[in-house]
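Data block for my_file36.cif (mmCIF, C-alpha atoms and all ligand atoms):
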```cif
data_entry
loop_
_atom_site.label_atom_id
_atom_site.label_comp_id
_atom_site.auth_asym_id
_atom_site.auth_seq_id
_atom_site.Cartn_x
_atom_site.Cartn_y
_atom_site.Cartn_z
CA MET A 10 17.94 -11.39 57.53
CA LYS A 11 19.99 -12.48 54.56
CA ARG A 12 19.75 -9.18 52.73
CA ARG A 13 20.85 -7.22 55.79
CA ASN A 14 23.89 -9.47 56.18
CA LEU A 15 24.80 -9.14 52.53
CA LEU A 16 24.53 -5.36 52.59
CA ALA A 17 26.31 -5.04 55.93
CA GLY A 18 29.11 -7.26 54.65
CA LEU A 19 29.48 -5.27 51.47
CA ALA A 20 29.35 -1.98 53.36
CA ALA A 21 32.11 -3.24 55.67
CA LEU A 22 34.15 -4.31 52.67
CA GLY A 23 33.61 -0.94 51.01
CA ALA A 24 34.52 0.91 54.18
CA THR A 25 38.03 -0.56 54.04
CA GLY A 26 38.55 0.70 50.49
CA CYS A 27 41.11 3.27 51.58
CA SER A 28 44.78 3.92 50.94
CA ARG A 29 46.79 0.95 52.19
CA ILE A 30 44.51 -1.98 51.35
CA GLY A 31 43.20 -0.17 48.28
CA ASP A 32 46.69 -0.23 46.77
CA SER A 33 46.40 -3.92 45.97
CA THR A 34 44.96 -4.37 42.50
CA ALA A 35 43.42 -7.73 43.34
CA PHE A 36 41.68 -6.22 46.32
CA ALA A 37 40.54 -3.24 44.28
CA GLY A 38 39.01 -5.67 41.77
CA LEU A 39 37.16 -7.39 44.57
CA VAL A 40 35.86 -4.07 45.85
CA ASP A 41 34.69 -3.19 42.32
CA ALA A 42 32.89 -6.51 42.02
CA ALA A 43 31.35 -6.03 45.45
CA GLN A 44 30.17 -2.57 44.48
CA ARG A 45 28.45 -3.91 41.37
CA LEU A 46 26.80 -6.59 43.48
CA HIS A 47 25.82 -4.00 46.06
CA ARG A 48 24.27 -1.78 43.39
CA GLY A 49 22.32 -4.70 41.93
CA ALA A 50 21.20 -5.90 45.34
CA HIS A 51 20.29 -2.41 46.48
CA ARG A 52 18.13 -1.80 43.44
CA ALA A 53 16.60 -5.26 43.20
CA LEU A 54 15.74 -5.49 46.89
CA GLY A 55 15.04 -1.85 47.69
CA PRO A 56 11.60 -1.05 49.10
CA GLY A 57 8.76 -0.21 46.70
CA SER A 58 9.73 2.05 43.86
CA GLY A 59 13.18 2.62 45.35
CA LEU A 60 12.30 5.97 46.87
CA ALA A 61 14.34 7.14 49.83
CA ARG A 62 12.22 7.69 52.94
CA GLU A 63 10.66 11.14 53.24
CA PHE A 64 9.97 12.70 56.64
CA SER A 65 7.49 15.22 58.03
CA PRO A 66 8.22 18.88 58.84
CA ASP A 67 8.38 17.99 62.57
CA ASP A 68 11.41 15.82 61.87
CA ILE A 69 13.55 18.61 60.38
CA SER A 70 16.83 19.05 62.26
CA PRO A 71 17.11 22.46 63.96
CA PHE A 72 20.55 22.95 62.40
CA PHE A 73 21.87 21.35 59.22
CA ARG A 74 25.60 21.36 59.68
CA GLY A 75 28.07 21.95 56.88
CA ASN A 76 30.76 19.42 56.05
CA GLY A 77 33.84 19.42 53.83
CA THR A 78 33.97 22.81 52.17
CA ILE A 79 31.79 25.23 54.16
CA ALA A 80 33.02 28.54 52.69
CA ILE A 81 34.69 29.52 49.42
CA PRO A 82 37.30 32.27 49.62
CA SER A 83 37.80 32.82 45.86
CA PRO A 84 37.14 36.44 44.78
CA ASP A 85 34.79 35.25 42.05
CA TYR A 86 32.61 33.30 44.48
CA ARG A 87 32.66 36.17 47.00
CA ALA A 88 31.50 38.58 44.30
CA GLN A 89 28.73 36.19 43.22
CA SER A 90 27.60 35.74 46.81
CA ALA A 91 27.53 39.51 47.40
CA THR A 92 25.05 39.92 44.53
CA GLY A 93 22.79 37.05 45.61
CA PHE A 94 24.24 34.81 42.88
CA THR A 95 22.29 36.66 40.17
CA GLY A 96 25.16 35.99 37.73
CA TRP A 97 25.60 32.32 38.67
CA ARG A 98 25.05 29.81 35.90
CA VAL A 99 25.21 26.06 35.82
CA ALA A 100 26.31 24.65 32.46
CA VAL A 101 24.67 21.50 31.09
CA GLY A 102 26.83 19.86 28.44
CA GLY A 103 29.01 16.95 27.42
CA LEU A 104 27.26 14.23 25.41
CA VAL A 105 24.01 16.14 24.91
CA GLU A 106 22.25 17.34 21.78
CA ARG A 107 21.42 20.83 23.10
CA PRO A 108 23.96 22.21 25.60
CA PHE A 109 22.76 25.22 27.60
CA SER A 110 23.26 26.96 30.90
CA LEU A 111 20.76 27.93 33.57
CA SER A 112 20.66 30.86 35.97
CA LEU A 113 19.08 30.56 39.40
CA ALA A 114 16.01 32.34 38.02
CA ASP A 115 15.83 29.72 35.23
CA LEU A 116 16.12 26.93 37.79
CA ARG A 117 13.38 28.45 39.96
CA ALA A 118 11.07 28.75 36.94
CA LEU A 119 11.15 24.97 36.32
CA PRO A 120 8.68 22.63 38.07
CA GLN A 121 9.98 22.19 41.64
CA ARG A 122 10.15 19.20 43.95
CA THR A 123 10.31 19.59 47.73
CA GLN A 124 11.43 16.64 49.84
CA ILE A 125 12.31 16.12 53.49
CA THR A 126 15.07 13.54 53.68
CA ARG A 127 17.84 12.32 55.93
CA HIS A 128 21.44 12.98 54.98
CA ASP A 129 23.94 10.40 56.19
CA CYS A 130 27.64 11.27 56.24
CA VAL A 131 30.19 8.46 56.51
CA GLU A 132 31.94 10.51 59.17
CA GLY A 133 29.14 9.45 61.51
CA TRP A 134 26.47 12.13 61.57
CA SER A 135 23.00 12.53 60.03
CA ALA A 136 20.60 15.43 59.64
CA ILE A 137 17.07 15.81 58.26
CA GLY A 138 16.40 18.73 55.94
CA GLN A 139 13.79 19.95 53.47
CA TRP A 140 15.20 20.51 49.99
CA THR A 141 13.61 22.24 46.99
CA GLY A 142 14.65 22.36 43.36
CA PRO A 143 13.99 21.03 39.86
CA GLN A 144 14.48 17.36 39.05
CA LEU A 145 17.77 16.63 37.31
CA GLY A 146 15.95 14.25 34.94
CA ALA A 147 13.83 17.08 33.50
CA ILE A 148 16.95 19.15 32.83
CA LEU A 149 18.72 16.24 31.15
CA THR A 150 15.65 15.51 29.05
CA ARG A 151 15.64 19.11 27.87
CA ALA A 152 19.34 18.80 26.90
CA GLY A 153 18.75 15.45 25.16
CA LEU A 154 21.32 12.81 26.10
CA GLU A 155 23.29 11.27 23.26
CA ALA A 156 23.10 7.47 23.05
CA LYS A 157 26.71 7.12 24.26
CA ALA A 158 26.01 8.94 27.55
CA ARG A 159 26.30 6.58 30.54
CA TYR A 160 27.18 8.83 33.50
CA ILE A 161 26.53 12.36 34.69
CA VAL A 162 29.47 14.29 36.14
CA PHE A 163 28.94 17.18 38.58
CA ARG A 164 31.54 19.97 38.76
CA CYS A 165 31.80 22.20 41.82
CA ALA A 166 33.20 25.66 42.56
CA ASP A 167 35.37 24.56 45.49
CA ARG A 168 38.69 22.82 45.89
CA LEU A 169 39.38 20.54 48.82
CA ASN A 170 43.05 20.13 49.80
CA GLY A 171 43.99 21.70 46.47
CA ALA A 172 41.93 19.40 44.22
CA PRO A 173 38.57 20.17 42.60
CA TYR A 174 35.55 18.56 44.25
CA TYR A 175 33.43 16.64 41.77
CA GLU A 176 31.02 13.73 41.69
CA SER A 177 29.23 11.43 39.24
CA CYS A 178 26.28 9.09 39.04
CA ASP A 179 24.72 6.70 36.56
CA LEU A 180 21.59 7.46 34.55
CA ASP A 181 19.37 5.46 36.89
CA ASP A 182 20.18 7.83 39.76
CA ALA A 183 20.26 10.88 37.47
CA PHE A 184 16.63 10.25 36.42
CA HIS A 185 15.46 9.13 39.87
CA PRO A 186 12.51 11.31 40.95
CA GLN A 187 14.24 12.38 44.18
CA THR A 188 17.43 13.50 42.42
CA ILE A 189 17.12 17.29 42.36
CA LEU A 190 19.26 20.39 41.99
CA ALA A 191 18.42 22.05 45.29
CA HIS A 192 18.55 25.83 45.71
CA ARG A 193 16.55 25.93 48.96
CA LEU A 194 17.01 24.32 52.37
CA ASN A 195 14.16 24.47 54.89
CA GLY A 196 12.35 27.11 52.85
CA ALA A 197 15.27 29.56 52.52
CA PRO A 198 18.02 29.98 49.92
CA LEU A 199 20.88 27.52 50.55
CA PRO A 200 23.34 28.75 53.17
CA GLU A 201 26.92 28.92 51.97
CA ARG A 202 27.97 26.04 54.20
CA ASN A 203 25.36 23.79 52.54
CA GLY A 204 26.43 24.56 48.95
CA ALA A 205 25.03 27.96 47.88
CA PRO A 206 23.64 28.63 45.43
CA LEU A 207 23.00 25.11 44.11
CA ARG A 208 23.70 21.55 45.19
CA LEU A 209 22.81 18.03 44.21
CA ARG A 210 20.45 15.92 46.31
CA ILE A 211 20.75 12.26 45.35
CA GLU A 212 18.73 10.71 48.11
CA ARG A 213 19.60 7.03 47.85
CA GLN A 214 23.29 7.74 48.31
CA LEU A 215 25.66 8.73 51.12
CA GLY A 216 26.57 12.33 51.93
CA TYR A 217 29.69 12.74 49.82
CA LYS A 218 27.73 12.09 46.59
CA HIS A 219 25.64 15.25 47.21
CA ALA A 220 27.88 17.70 45.33
CA LYS A 221 27.63 21.31 46.56
CA TYR A 222 28.41 24.61 44.74
CA LEU A 223 27.43 23.18 41.33
CA THR A 224 28.93 24.89 38.29
CA ALA A 225 28.51 22.28 35.54
CA ILE A 226 26.73 19.05 34.74
CA GLU A 227 28.26 16.88 32.01
CA ALA A 228 27.03 13.73 30.33
CA VAL A 229 29.92 11.33 29.64
CA ALA A 230 30.42 7.82 28.28
CA THR A 231 32.98 6.86 30.93
CA ILE A 232 34.46 8.27 34.10
CA ASP A 233 37.94 7.04 33.08
CA GLY A 234 40.29 9.96 32.62
CA ILE A 235 38.27 12.43 34.68
CA GLU A 236 40.43 13.63 37.60
CA GLY A 237 41.52 10.44 39.43
CA GLY A 238 39.26 8.27 37.25
CA LYS A 239 37.12 6.87 40.09
CA GLY A 240 34.14 9.18 39.61
CA GLY A 241 34.45 11.59 42.52
CA TYR A 242 36.74 13.48 44.87
CA TRP A 243 36.31 10.96 47.70
CA GLU A 244 36.12 7.99 45.32
CA ASP A 245 39.58 8.99 44.01
CA ARG A 246 40.69 8.69 47.64
CA GLY A 247 39.23 5.21 48.21
CA TYR A 248 35.52 5.63 48.95
CA GLN A 249 32.95 3.57 47.05
CA TRP A 250 31.50 5.03 43.86
CA TYR A 251 28.10 3.48 44.48
CA ALA A 252 27.36 4.77 47.96
CA GLY A 253 23.83 3.40 48.36
CA ILE A 254 22.14 3.56 51.73
N1 LIG B 301 31.53 20.71 46.52
C1 LIG B 301 31.51 19.94 47.62
N2 LIG B 301 30.48 19.10 47.79
C2 LIG B 301 30.43 18.31 48.89
C3 LIG B 301 31.46 18.32 49.86
C4 LIG B 301 32.54 19.22 49.66
O1 LIG B 301 33.49 19.32 50.46
N3 LIG B 301 32.52 20.02 48.52
N4 LIG B 301 31.38 17.47 50.96
C5 LIG B 301 30.50 16.30 50.85
C6 LIG B 301 30.21 15.62 52.10
S1 LIG B 301 31.38 14.54 52.70
C7 LIG B 301 29.01 15.72 52.74
S2 LIG B 301 28.61 14.81 54.10
C8 LIG B 301 28.01 16.69 52.27
C9 LIG B 301 27.72 17.67 53.39
O2 LIG B 301 26.67 18.51 53.05
P1 LIG B 301 26.39 19.72 54.01
O3 LIG B 301 27.64 20.57 54.04
O4 LIG B 301 25.20 20.42 53.46
O5 LIG B 301 26.15 19.14 55.38
O6 LIG B 301 28.41 17.41 51.12
C10 LIG B 301 29.17 16.68 50.20
N5 LIG B 301 29.35 17.50 49.02
MO MO B 302 30.31 13.25 54.32
#
```

Show me the file's structure as structure tokens.
Amino acid sequence: MKRRNLLAGLAALGATGCSRIGDSTAFAGLVDAAQRLHRGAHRALGPGSGLAREFSPDDISPFFRGNGTIAIPSPDYRAQSATGFTGWRVAVGGLVERPFSLSLADLRALPQRTQITRHDCVEGWSAIGQWTGPQLGAILTRAGLEAKARYIVFRCADRLNGAPYYESCDLDDAFHPQTILAHRLNGAPLPERNGAPLRLRIERQLGYKHAKYLTAIEAVATIDGIEGGKGGYWEDRGYQWYAGI
């Protein structure tokens, strides 16, 4: 099928977007153009309303492994964990009219969405899990995005190889019904390895976009100038920004 070939070709192109080849500016431009095309094609040709597939409880993987950061040694995080994260807050700010922060109790008091989805990591593994949490769109609506806001940036509590982990998405994914701030996995509070106490689920995208250990959510006009400028920890190291599956 044509669409399959197009997407496979673009995925292959994106997969080479790492260090050596990525150093060439011309090539980087091509990858950027391919990513835009991929995003357009993904959204235009995606099935139905563009919802990621949801599974049944029987499909849930017996163990949802952790990847990347799986434990946070910082004294602050250890203290938070020891008290069940009762003092944890996620800040919602940047280009919004009403910045605020939410505790876990606040997040649990919002309308919840539960979804059973498959997580695909580029390192070659997948797992199916059931996630619960409020929709990001509802939280952003409450904050009121300013007209200049184009992207949402997610800040995390962990550092990987000395650099802060972070991610970003556009407003289309931020307001997608399956984009939630998950505080439960398979009916229990998130295990530390899976991002306790709060992580992003952004179901149409690959694993590395699902930021764990969320501390802040910021609306911005551009991702230029944030960390490496490519919109995420792995993007700054050559992965595609639009990691659609
Ligand atoms: N804060 C943070 N978020 C992260 C990572 C990380 O190292 N730190 N790893 C990413 C990658 S590559 C994947 S595949 C998923 C893994 O989620 P899991 O640990 O629940 O399996 O989290 C993503 N989000
Ligand atoms: Mo991953």

What residues of the protein or nucleic acid chains come within 8 Å of ligand LIG 301 (chain B) when you use only C-alpha atoms and all ligand atoms? Reply as a VMD selection string. chain A and resid 73 to 79 128 to 132 136 164 to 169 174 to 175 202 to 204 208 215 to 223 243

For the atom pair CA of Ala252 in chain A and CA of Gly234 in chain A, what is the interatomic distance in Å to one decimal place?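 That distance, rounded to one decimal, is 20.7 Å.
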
Where is the centre and how long are the edges: axis-aligned box on range 134-137 of chain A, 5 Å on each side, Å to one decimal, as AutoDock Vina command-line options:
```
--center_x 21.8 --center_y 14.0 --center_z 59.9 --size_x 19.4 --size_y 13.7 --size_z 13.3
```

Take CA of Trp134 in chain A and CA of Gln187 in chain A and report the distance between them in Å, one decimal.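 Value for the CA of Trp134 in chain A-CA of Gln187 in chain A distance: 21.3 Å.
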
- Which is closest to Lys239 in chain A among A:Ser65, A:Thr224, A:Ser177, A:Asn195, if we use only C-alpha atoms?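 Nearest candidate to Lys239 in chain A out of A:Ser65, A:Thr224, A:Ser177, A:Asn195: A:Ser177.
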
Considering all atoms listed in the file, state which residue in the set A:Arg127, A:Gln249, A:Tyr242, A:His192 is at the smallest distance from Ser112 in chain A.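 Using all atoms listed in the file, Ser112 in chain A sits closest to A:His192.
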
re CA of Arg151 in chain A and CA of Pro206 in chain A: distance 21.5 Å

Margin query: At a cut-off of 8 Å, using only C-alpha atoms, what residues contact Leu194 in chain A? Leave out same-chain residues fewer than 4 positions from it and give the result as a VMD selection string.
Written below: chain A and resid 138 to 141 198 to 200

Across A:Phe94, A:Gly133, A:Gly171, A:Asp179, the smallest distance to ligand MO 302 (chain B), with only C-alpha atoms and all ligand atoms counted, is shown by A:Gly133

query = Smallest atom-to-atom distance to ligand MO 302 (chain B): which of A:Gly146, A:Gln214, A:Ala225, A:Leu190, using all atoms listed in the file?
reply =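 With all atoms listed in the file as the atom set, the closest residue is A:Gln214.
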
Self-check item: Among the residues A:Ala205, A:Val162, A:Ala191, A:Ile211, the one that comes closest to Asp233 in chain A [using all atoms listed in the file]
Solution: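 Closest candidate: A:Val162.
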
Residue with the minimum atom-to-atom distance to Cys178 in chain A, picked from A:Ala80, A:Ile148, A:Ala230, A:Ala156 with all atoms listed in the file counted, is A:Ala230

message: Quick one: residues within 9 Å of range 87-93 of chain A, all atoms listed in the file, excluding same-chain residues fewer than 4 positions away - as a list in words?
response: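 Residues near the query, excluding close chain neighbours: Ile81, Pro82, Ser83, Trp97, Glu201, Ala205 and Pro206 of chain A.
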